[in-house]
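Novice: Here it is, the structure in full.
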Amino acid sequence: MRYSKLLIPTVKEVPAEAEIPSHKLMIRAGFIRKVASGTYTYLPLGWRSLRKIMRIVREEMDAAGAQEILLPIIQPMELWQKTGRDVVFRDIMCRFTDRHGRDNVLAPTAEEAVTFLAAGEIRSYKQLPVNLYQISQKFRDEFRPRFGVLRSREFIMKDAYSFDATVDGLDESYNAMYRAYRRIFDRCGLKYAVVEAESGGMGGSDTEEFMVPCDAGEDIIVATADGDYAANLERAEVDPVEPGDDVLKARDEAPPLEEVHTPGVGSIEAICEFLGTQPPEMIKTLIYTTGDTTAVALVRGDHEINENKLTRALEAEALELADAETISEVSGAEVGFAGPQGLLDTGKIDRLVVDYSVAAMAAGVTGANKTDYHVRNVVPGRDFPLEGDSVLLADIRNAVEGDTREGKPLTFARGTEVGHVFKLGTKYSRALGATFLDENGAEQPCIMGCYGIGVNRILAAAIELGHDDKGCILPASIAPFEVEVLQLGAGEQVVRTAEGIHEELSADGVDVLLDDRDARPGVKFNDADLIGIPLRVVVGERGLKDGTVELRRRTDAEPTAVPVERAADEARRMLQELKRPLQV
């Protein structure tokens, strides 16, 4: 293919809102153009890369036994109401009413639609297992789309859904998808980590994310240095902290509670400044509701509550922070002045959940359950219980530097999610009637799994991993072209040689671009670096005088001169090395 015939609008400058390398370089290299906030047009180079990613995904999904379908992006609201996810996705779901007065959504995902399909088609256990997948556009009305296609409103996603008759069958389907995902990301040339994750609005039980470490990632990968454990921050477990002898002694010697007037001071930072204390000496008292249950959670002032952990600890379906009215009713004070002392005795709360780090404190400062007052010398076990039927000690906070798991120090790195696998169970099949008759003729709900890949994110993540100050450094498997032939000059021998190498490589199935533009060599070299094609062949008059052309990988410091007659063969050999799947 000839550069002069393609739309490749490379630019030197980028919009100010482009914050991260992949966003900047995808604009500069002519891969994308912004249409509106969080929505982009993919130009020829960007679309070529996405098509290569989708081909890899299709090949591996098909090889794993999945069958491709295409579900509608416009879906009736009633399906989402049946599963309750009209509420879960309320803030990011685009809704509209059609001319007939029916409520619809632009699909942010497709569990409801595919389960509705299964409900109409699956009748017997003999039809199972079945795995259906699609590659399609989705829309989520993100409050703050940013980082280009890493967090956009409209995106391309591969989502697959398995239907099984047994839990063992689900395990087999899940493991098959897990292995397929590893092959996909290996072939795409990504470095990645597989981490334990939270299911979030998807529901279900076991779930793992495929995360690409990168500075621009919005997720935190928490891991042990030996690689035995990895999880995202929402899921990461930490070892309990046990109170030492010094703590126990300090508790025994602690003075009684001391009430302090703190008018209008409610935040941790403000309290610390007002009282001259430090966040680790504070106890945050957070009040939650879970349906008909009211729970109080305690974490240290320098820690952040992890609501996913708290939800699991309470064995709740969901929870939310209590409103100001409930907080006032439970604590007797305005927001910001609640404390754990005496709350269980009031009968207004059902559970007290104490984080291990709070249970290991000698004493702390917390709210006095009285507006504009706090108390000092709050001793765990003395001023609020650490045991009893209504008390639960648990890990309910985010991991932080210095924490351990099974005695091993935890490390922290930013990452972006490119794939996610879930065991959904029967949440959707029960709600939407996707059932089958088992061997005994009894009706059973299908047991489901869900498996997603962000196609756009693979390309952006590859650029985040592979770039320098000159441009993209893309893996050969997903670069818009595998080889670029740079024709330097318009002399007859240069043109004939460049076209000959281009034609020979093309005939052998190599995806090759011939830069035949009437442009200066510097322009061509700069654009080649910017676009990031992994291998280039440079044909110029100087080299041809010696009967050679130059071959250079995008990452090579210097080119390699090879005889013209061996150029195509050597390019194919180097390309094969570049195309080997990355071993992670």
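Ligands are numbered from 1 in the order shown, residues from 1 within each chain, and chains are lettered A, B, ... in the order they appear in the structure tokens.
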Using only C-alpha atoms, determine which residues lie at most 8 Å from region 542-544 of chain A, disregarding the query and same-chain residues fewer than 5 positions distant; provide the list as a list of chain:residue names.
Specialist: A:Val494, A:Val549, A:Glu550, A:Val564
Novice: Taking the backbone alone, and naming residues the way the document does, which bits of region 146-221 of chain A are helix (DSSP H, G or I) by DSSP, as an NGL selection string?
Specialist: :A and (148-150 or 167-187 or 200-202)
Novice: Would you save the residues of that selection, restricted to N, CA and C atoms, as a compact mmCIF listing (two decimals), in the first residue's frame?
Specialist:
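What ended up in result_33.txt:
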```txt
# COMPACT_ATOMS: atom_id res chain seq x y z
N GLY A 148 -8.04 10.02 26.41
CA GLY A 148 -8.30 9.49 25.08
C GLY A 148 -9.19 8.28 25.13
N VAL A 149 -8.76 7.19 24.47
CA VAL A 149 -9.62 6.01 24.40
C VAL A 149 -9.42 5.08 25.60
N LEU A 150 -8.57 5.45 26.56
CA LEU A 150 -8.48 4.65 27.79
C LEU A 150 -9.74 4.80 28.63
N VAL A 167 -22.05 -26.17 38.06
CA VAL A 167 -20.96 -25.32 38.55
C VAL A 167 -19.63 -25.80 37.98
N ASP A 168 -19.45 -27.12 37.91
CA ASP A 168 -18.22 -27.66 37.32
C ASP A 168 -18.09 -27.24 35.86
N GLY A 169 -19.22 -27.21 35.17
CA GLY A 169 -19.21 -26.76 33.77
C GLY A 169 -18.81 -25.30 33.66
N LEU A 170 -19.32 -24.46 34.58
CA LEU A 170 -18.91 -23.05 34.59
C LEU A 170 -17.41 -22.93 34.81
N ASP A 171 -16.87 -23.73 35.73
CA ASP A 171 -15.43 -23.69 35.98
C ASP A 171 -14.65 -23.99 34.70
N GLU A 172 -15.10 -24.98 33.93
CA GLU A 172 -14.42 -25.34 32.68
C GLU A 172 -14.52 -24.19 31.67
N SER A 173 -15.70 -23.59 31.54
CA SER A 173 -15.87 -22.47 30.61
C SER A 173 -15.01 -21.29 31.03
N TYR A 174 -15.00 -20.99 32.31
CA TYR A 174 -14.20 -19.88 32.84
C TYR A 174 -12.72 -20.10 32.57
N ASN A 175 -12.24 -21.30 32.83
CA ASN A 175 -10.82 -21.60 32.62
C ASN A 175 -10.45 -21.55 31.14
N ALA A 176 -11.37 -21.97 30.28
CA ALA A 176 -11.11 -21.90 28.84
C ALA A 176 -10.96 -20.45 28.39
N MET A 177 -11.82 -19.56 28.92
CA MET A 177 -11.72 -18.15 28.58
C MET A 177 -10.46 -17.53 29.17
N TYR A 178 -10.12 -17.93 30.37
CA TYR A 178 -8.89 -17.43 31.00
C TYR A 178 -7.69 -17.76 30.14
N ARG A 179 -7.60 -18.99 29.67
CA ARG A 179 -6.47 -19.38 28.81
C ARG A 179 -6.50 -18.64 27.49
N ALA A 180 -7.69 -18.46 26.93
CA ALA A 180 -7.81 -17.71 25.66
C ALA A 180 -7.36 -16.27 25.84
N TYR A 181 -7.71 -15.68 26.97
CA TYR A 181 -7.32 -14.29 27.22
C TYR A 181 -5.80 -14.17 27.31
N ARG A 182 -5.16 -15.10 27.96
CA ARG A 182 -3.70 -15.05 28.03
C ARG A 182 -3.10 -15.12 26.63
N ARG A 183 -3.64 -15.98 25.79
CA ARG A 183 -3.12 -16.07 24.42
C ARG A 183 -3.36 -14.77 23.65
N ILE A 184 -4.53 -14.18 23.85
CA ILE A 184 -4.84 -12.92 23.16
C ILE A 184 -3.85 -11.82 23.54
N PHE A 185 -3.64 -11.63 24.82
CA PHE A 185 -2.78 -10.54 25.25
C PHE A 185 -1.31 -10.84 24.95
N ASP A 186 -0.93 -12.12 24.98
CA ASP A 186 0.43 -12.48 24.55
C ASP A 186 0.62 -12.13 23.08
N ARG A 187 -0.34 -12.50 22.25
CA ARG A 187 -0.22 -12.23 20.81
C ARG A 187 -0.26 -10.74 20.50
N GLY A 200 -18.24 -5.72 41.11
CA GLY A 200 -18.91 -4.44 40.93
C GLY A 200 -20.35 -4.62 40.48
N GLY A 201 -20.76 -3.79 39.50
CA GLY A 201 -22.13 -3.82 39.01
C GLY A 201 -22.48 -5.04 38.20
N MET A 202 -21.49 -5.88 37.88
CA MET A 202 -21.77 -7.09 37.11
C MET A 202 -22.36 -8.18 37.98
```
Novice: So that each row is one residue of region 40-72 of chain A with an atom at most 9 Å from region 440-456 of chain A, can you give its shortest atom pair and the distance in Å to one decimal, using only C-alpha atoms, rows by chain and rising number, as JSON lines?
Specialist:
```
{"residue": "A:Leu50", "atom": "CA", "partner": "A:Val455", "partner_atom": "CA", "distance": 6.9}
{"residue": "A:Ile53", "atom": "CA", "partner": "A:Val455", "partner_atom": "CA", "distance": 6.9}
{"residue": "A:Met54", "atom": "CA", "partner": "A:Val455", "partner_atom": "CA", "distance": 7.1}
{"residue": "A:Val57", "atom": "CA", "partner": "A:Ile453", "partner_atom": "CA", "distance": 8.8}
```
Novice: Could you write out that same residue set with N, CA and C atoms as a compact mmCIF listing (two decimals), in the first residue's frame?
Specialist:
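Below is the file again11.txt, written as the result:
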```txt
# COMPACT_ATOMS: atom_id res chain seq x y z
N LEU A 50 -6.95 -1.62 15.09
CA LEU A 50 -8.09 -2.21 15.79
C LEU A 50 -8.57 -3.48 15.09
N ILE A 53 -6.35 -6.29 16.09
CA ILE A 53 -6.66 -6.74 17.45
C ILE A 53 -7.92 -7.60 17.43
N MET A 54 -8.94 -7.14 16.70
CA MET A 54 -10.19 -7.90 16.64
C MET A 54 -9.99 -9.25 15.96
N VAL A 57 -8.53 -11.52 18.56
CA VAL A 57 -9.58 -11.88 19.51
C VAL A 57 -10.50 -12.93 18.91
```
Novice: Quick one: residues within 12 Å of Glu315 (chain A), only C-alpha atoms, excluding same-chain residues fewer than 3 positions away - as a count of residues only?
Specialist: 14
Novice: Pick the closest to Met211 (chain A) from A:Glu259, A:Glu417, A:Glu320, A:Glu253: which is it, counting only C-alpha atoms?
Specialist: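 Closest to Met211 (chain A), using only C-alpha atoms: A:Glu417.
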Novice: Just the residues within 8 Å of Val212 (chain A), please, counting only C-alpha atoms, with nothing from its chain fewer than 4 positions along; format it as a CSV table (one decimal) with N, CA and C atoms, in the first residue's frame.
Specialist:
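The file below, out_29.csv, is the result:
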```
chain,number,residue,atom,x,y,z
A,190,LEU,N,1.4,-7.5,24.8
A,190,LEU,CA,1.2,-6.7,26.0
A,190,LEU,C,1.9,-7.4,27.2
A,191,LYS,N,2.5,-6.6,28.0
A,191,LYS,CA,2.9,-7.0,29.3
A,191,LYS,C,1.7,-6.8,30.2
A,192,TYR,N,1.3,-7.8,31.0
A,192,TYR,CA,0.1,-7.7,31.8
A,192,TYR,C,0.2,-8.5,33.1
A,193,ALA,N,-0.6,-8.2,34.0
A,193,ALA,CA,-0.7,-9.0,35.2
A,193,ALA,C,-2.2,-9.4,35.4
A,415,GLY,N,-2.2,0.7,36.9
A,415,GLY,CA,-2.4,-0.1,35.8
A,415,GLY,C,-3.8,0.2,35.1
A,416,THR,N,-4.0,-0.3,33.9
A,416,THR,CA,-5.3,-0.1,33.3
A,416,THR,C,-5.8,-1.5,32.9
A,417,GLU,N,-7.1,-1.6,33.1
A,417,GLU,CA,-7.8,-2.9,32.8
A,417,GLU,C,-8.0,-3.1,31.3
A,418,VAL,N,-7.6,-4.2,30.8
A,418,VAL,CA,-7.9,-4.5,29.4
A,418,VAL,C,-8.8,-5.7,29.2
A,461,ALA,N,-3.1,0.9,25.5
A,461,ALA,CA,-2.2,0.3,26.4
A,461,ALA,C,-0.9,-0.1,25.8
```
Novice: Interatomic distance between CA of Glu269 (chain A) and CA of Leu233 (chain A)?
Specialist: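 Separation between CA of Glu269 (chain A) and CA of Leu233 (chain A): 23.4 Å.
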Novice: Quick one: residues within 10 Å of Glu499 (chain A), only C-alpha atoms, excluding same-chain residues fewer than 6 positions away - as an NGL selection string?
Specialist: :A and (2 or 485-487 or 493 or 505 or 514-516 or 539)
Novice: Could you please take those selected residues and save C-alpha atoms as an mmCIF file, in the first residue's frame?
Specialist:
```
data_model
loop_
_atom_site.group_PDB
_atom_site.id
_atom_site.type_symbol
_atom_site.label_atom_id
_atom_site.label_comp_id
_atom_site.auth_asym_id
_atom_site.auth_seq_id
_atom_site.Cartn_x
_atom_site.Cartn_y
_atom_site.Cartn_z
ATOM 1 C CA ARG A 2 1.234 3.481 -0.889
ATOM 2 C CA VAL A 485 9.662 0.830 2.875
ATOM 3 C CA LEU A 486 11.051 4.373 2.774
ATOM 4 C CA GLN A 487 11.822 5.564 -0.717
ATOM 5 C CA GLN A 493 16.945 3.065 -9.417
ATOM 6 C CA LEU A 505 7.012 -8.496 0.564
ATOM 7 C CA LEU A 514 5.595 2.113 0.762
ATOM 8 C CA ASP A 515 6.376 5.740 1.589
ATOM 9 C CA ASP A 516 6.443 7.070 -1.957
ATOM 10 C CA VAL A 539 16.136 2.689 0.030
#
```
Novice: With only C-alpha atoms as the basis for distance, which of A:Tyr373, A:Phe337, A:Phe525, A:Phe481 is at the shortest distance from Asp511 (chain A)?
Specialist: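 Once distances to Asp511 (chain A) are computed over only C-alpha atoms, the minimum belongs to A:Phe481.
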Novice: What's around Asp556 (chain A) at 12 Å? Count only C-alpha atoms, leave out sequence neighbours fewer than 4 positions away in its own chain, and write the answer as a PyMOL selection string.
Specialist: chain A and resi 473+529+534-536+550-552+560+574
Novice: Selected residues, N, CA and C atoms, written as a CSV table (one decimal), in the first residue's frame, please.
Specialist:
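The result, written out as selection.csv:
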```csv
chain,number,residue,atom,x,y,z
A,473,ILE,N,5.9,2.9,19.6
A,473,ILE,CA,6.7,1.7,19.3
A,473,ILE,C,5.7,0.5,19.5
A,529,ASP,N,9.0,7.2,12.6
A,529,ASP,CA,9.1,7.0,14.1
A,529,ASP,C,7.8,7.3,14.8
A,534,PRO,N,7.0,-1.4,13.2
A,534,PRO,CA,8.1,-2.1,13.8
A,534,PRO,C,9.4,-2.3,13.0
A,535,LEU,N,9.3,-2.3,11.7
A,535,LEU,CA,10.4,-2.6,10.8
A,535,LEU,C,10.4,-1.7,9.6
A,536,ARG,N,11.5,-1.1,9.3
A,536,ARG,CA,11.6,-0.2,8.1
A,536,ARG,C,12.7,-0.7,7.2
A,550,GLU,N,19.1,-0.3,3.9
A,550,GLU,CA,19.2,-0.3,5.3
A,550,GLU,C,17.9,-0.9,5.9
A,551,LEU,N,18.1,-1.8,6.9
A,551,LEU,CA,17.0,-2.4,7.7
A,551,LEU,C,17.1,-1.9,9.1
A,552,ARG,N,16.0,-1.5,9.7
A,552,ARG,CA,16.1,-1.0,11.1
A,552,ARG,C,14.8,-1.3,11.8
A,560,THR,N,21.0,-1.6,9.9
A,560,THR,CA,21.8,-2.7,9.4
A,560,THR,C,21.8,-2.6,7.9
A,574,MET,N,13.6,-10.9,10.2
A,574,MET,CA,13.5,-10.0,11.3
A,574,MET,C,12.0,-9.8,11.8
```
Novice: Check the smallest atom-to-atom distance from each of A:Asn306, A:Ser506, A:Ser136, A:Thr39 to Pro108 (chain A) using only C-alpha atoms, then report the winner.
Specialist: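 Under the stated criterion, the closest residue is A:Ser136.
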